[in-house]
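Asker: Below you will find the structure I want to go over with you.
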Amino acid sequence: MAAVVWGRGFSRAWLRRSAGPGCGRHYRAAVCTELKQPLAIEEVTPRPVRPHEVRVDVHFCGVNFADILVCRGQYQERPHLPFTPGMEFSGTVLETGTDVCTVKQRLWQIPESIPLREAAALPASYGTAILALERRACTQPGETVLVTAAAGATGLAVIDVATNVLQAKVIAAAGSDEKCKLAMQRGAQSSVNYSQGSLKEAVKKLVGSGGVNVVIDTVGGDVFLEALHSLAWEGRIVVVGFAGGTIASVPANLLLLKNVSAMGVIWGRYKDQNFPLFSGSISSALQYCQQGRIQPYIGAVFKLEEVNDAFLHVMQRKSTGKVLLSLK
């Protein structure tokens, strides 16, 4: 069975089989042996599958900013050293434990029409986009959505879902003309380069004083504040992250004056707090992709041996769309 996987176990991502099938096979793994240091590529001898476990032959896995934070000791979850990082991957099921009657708790079957490469790009980015737009912001057809860091993996997923699933209009905000152009190519109706001036004023020129209905923000800081000021009456802003490095304080008087709502979404927390919603977001992403309504944009693919280059690519903000590791 081909499956897409999401989890924060940090134990079986980024593995590659280097010998034939059987108990004696080995894997290669990117291992964090010391925080804030490059990952080491090591040979790993797998232990027997426990009763409630599943062994997966990994083909592709996503590189997320959170993976980098974990390896720097700056994430809320801090696994014991040494560990193998990773949150999402696609592959095929090799073996199931004796007590496993279903693999749907952490595995979702990939439809045959979806390549494993694209499937690996879906869980975190599209799961976040779906819950942010549908669950938190309750985005309606015809509404205007402003998305910041629009050329990133989550930003492009938001554009894809808002435009092609929810029939909303999207304003893409990014830090360069090149990234704005990509966002437009991926479905945004208009774009703003916020490195060239005020985001608030640029949005006002596009939509007038009425403002936008929804903001999905992954940047934080001044970009968040300007986006907040760009909301329409009863607008909704969803905080997804702080890629800019600064956490802004919310001016509560603005929430009152415009009757706007400020909220957050940590997609992964739904796994523990509301698993049906969490699972449903991945299932919806797979369904939308199978139907041809969404198409993940993969900006770069690195080999396992290039994992540190992949991290640097993301950290230096060179990445657009999803960054993957190919393990085959």
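Residues in the structure tokens are numbered from 1 in each chain, the chains being A, B, ... in the order shown, and ligands are numbered from 1 in the order shown.
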Using only C-alpha atoms, which protein or nucleic acid residues come within 12 Å of Leu312 of chain A? Drop anything in the same chain fewer than 2 positions from it, and give the result as a PyMOL selection string.
Answerer: chain A and resi 37-39+63-65+67-68+302+306-310+314-319+323
Asker: Atoms to include: C-alpha atoms. Write the selected residues as a JSON list (two decimals), in the first residue's frame.
Answerer:
[["chain", "number", "residue", "atom", "x", "y", "z"],
["A", 37, "GLN", "CA", 25.26, 21.24, 13.99],
["A", 38, "PRO", "CA", 24.94, 19.64, 10.52],
["A", 39, "LEU", "CA", 23.07, 16.36, 10.37],
["A", 63, "VAL", "CA", 11.56, 19.59, 4.65],
["A", 64, "ASN", "CA", 9.78, 21.98, 7.00],
["A", 65, "PHE", "CA", 11.04, 25.02, 8.86],
["A", 67, "ASP", "CA", 12.43, 20.47, 11.31],
["A", 68, "ILE", "CA", 15.23, 23.03, 11.37],
["A", 302, "PHE", "CA", 17.41, 17.25, -2.68],
["A", 306, "GLU", "CA", 22.17, 16.84, 0.58],
["A", 307, "VAL", "CA", 19.93, 17.26, 3.63],
["A", 308, "ASN", "CA", 22.11, 20.00, 5.11],
["A", 309, "ASP", "CA", 22.00, 21.86, 1.80],
["A", 310, "ALA", "CA", 18.21, 21.54, 1.90],
["A", 314, "VAL", "CA", 15.14, 26.97, 3.50],
["A", 315, "MET", "CA", 16.98, 29.01, 6.14],
["A", 316, "GLN", "CA", 18.34, 31.46, 3.55],
["A", 317, "ARG", "CA", 14.81, 32.00, 2.21],
["A", 318, "LYS", "CA", 15.77, 30.77, -1.22],
["A", 319, "SER", "CA", 12.97, 28.23, -1.27],
["A", 323, "VAL", "CA", 11.20, 21.41, -0.50]]
Asker: With only C-alpha atoms as the counted atoms, please give the residues lying no more than 10 Å from His52 of chain A, apart from itself and same-chain residues fewer than 2 positions off, as a PyMOL selection string.
Answerer: chain A and resi 49-50+54+96-103
Asker: Please, which residues of segment 218-269 of chain A, numbered as in this document, come out alpha helix (DSSP H) from DSSP, as a list in words?
Answerer: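 Answer for segment 218-269 of chain A, restricted to alpha helix (DSSP H): Gly221, Asp222, Val223, Phe224, Leu225, Glu226, Ala227, Leu228, His229, Ala252, Asn253, Leu254, Leu255, Leu256, Leu257 and Lys258 of chain A.
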Asker: Just the residues within 9 Å of Val265 of chain A, please, counting only C-alpha atoms, with nothing from its chain fewer than 2 positions along; format it as a VMD selection string.
Answerer: chain A and resid 128 131 to 132 136 238 to 241 263 267 to 269
Asker: What are the DSSP strand (DSSP E) residues of segment 23-220 of chain A, as a count of residues only?
Answerer: 52
Asker: Give me, please, the distance in Å between atom CA of Lys258 of chain A and atom CA of Ala232 of chain A, quoted to one decimal.
Answerer: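 Those two atoms sit 7.2 Å apart.
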Asker: Which is closer to Ser176 of chain A than all the others in A:Gly73, A:Glu234, A:Ala149, A:Asn164, using only C-alpha atoms?
Answerer: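 Of A:Gly73, A:Glu234, A:Ala149, A:Asn164, the one nearest Ser176 of chain A is A:Ala149, counting only C-alpha atoms.
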Asker: Residues at most 7 Å from Ser230 of chain A, counting only C-alpha atoms, excluding those fewer than 5 positions away in the same chain, as a PyMOL selection string?
Answerer: chain A and resi 200+203+211-212
Asker: Between A:Phe242, A:Tyr297, A:Phe278, A:Tyr27, which residue has the minimum interatomic distance to Glu43 of chain A, considering only C-alpha atoms?
Answerer: A:Tyr27
Asker: Please indicate the distance in Å from atom CA of His80 of chain A to atom CA of Ala121 of chain A, rounded to one decimal place.
Answerer: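 Separating atom CA of His80 of chain A from atom CA of Ala121 of chain A is a distance of 26.8 Å.
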Asker: So that I can see what lies close to Ser191 of chain A, please list as a list in words the residues with an atom at most 6 Å from it, counting only C-alpha atoms and leaving out residues fewer than 2 positions away in the same chain.
Answerer: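 The filter keeps Ile171, Ala172, Ala173 and Cys180 of chain A.
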Asker: Show me, as a compact mmCIF listing (two decimals) with C-alpha atoms, in the first residue's frame, the residues that have an atom within 10 Å of Leu231 of chain A when counting only C-alpha atoms, minus same-chain residues fewer than 5 positions from it.
Answerer:
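Final output, saved to part-v3.txt:
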# COMPACT_ATOMS: atom_id res chain seq x y z
CA THR A 144 -10.93 38.25 -0.54
CA VAL A 145 -8.04 36.46 1.15
CA LEU A 146 -4.67 38.10 1.80
CA LYS A 200 -1.43 48.24 4.21
CA VAL A 203 -3.71 46.47 -0.22
CA LYS A 204 -5.82 49.62 0.08
CA SER A 209 -10.93 51.23 2.15
CA GLY A 210 -13.25 48.25 2.62
CA GLY A 211 -10.35 45.88 3.24
CA VAL A 212 -9.96 42.13 2.91
CA ASN A 213 -12.15 39.50 4.53
CA VAL A 214 -9.46 37.01 5.54
CA VAL A 215 -5.73 37.15 6.26
CA GLU A 226 -0.18 45.87 8.53
CA ARG A 236 -10.63 37.31 10.28
CA ILE A 237 -6.85 36.99 10.61
CA LEU A 254 -8.59 47.42 16.51
CA LEU A 255 -10.41 44.15 17.12
CA LYS A 258 -13.79 46.70 13.25
CA ASN A 259 -15.36 43.71 15.00
CA VAL A 260 -12.52 41.60 13.64
CA SER A 261 -11.28 38.24 14.90
Asker: Restricting the calculation to only C-alpha atoms: of A:Ala119, A:Val207, A:Ile298, A:Ala29, which residue gets closest to Arg186 of chain A?
Answerer: A:Ile298
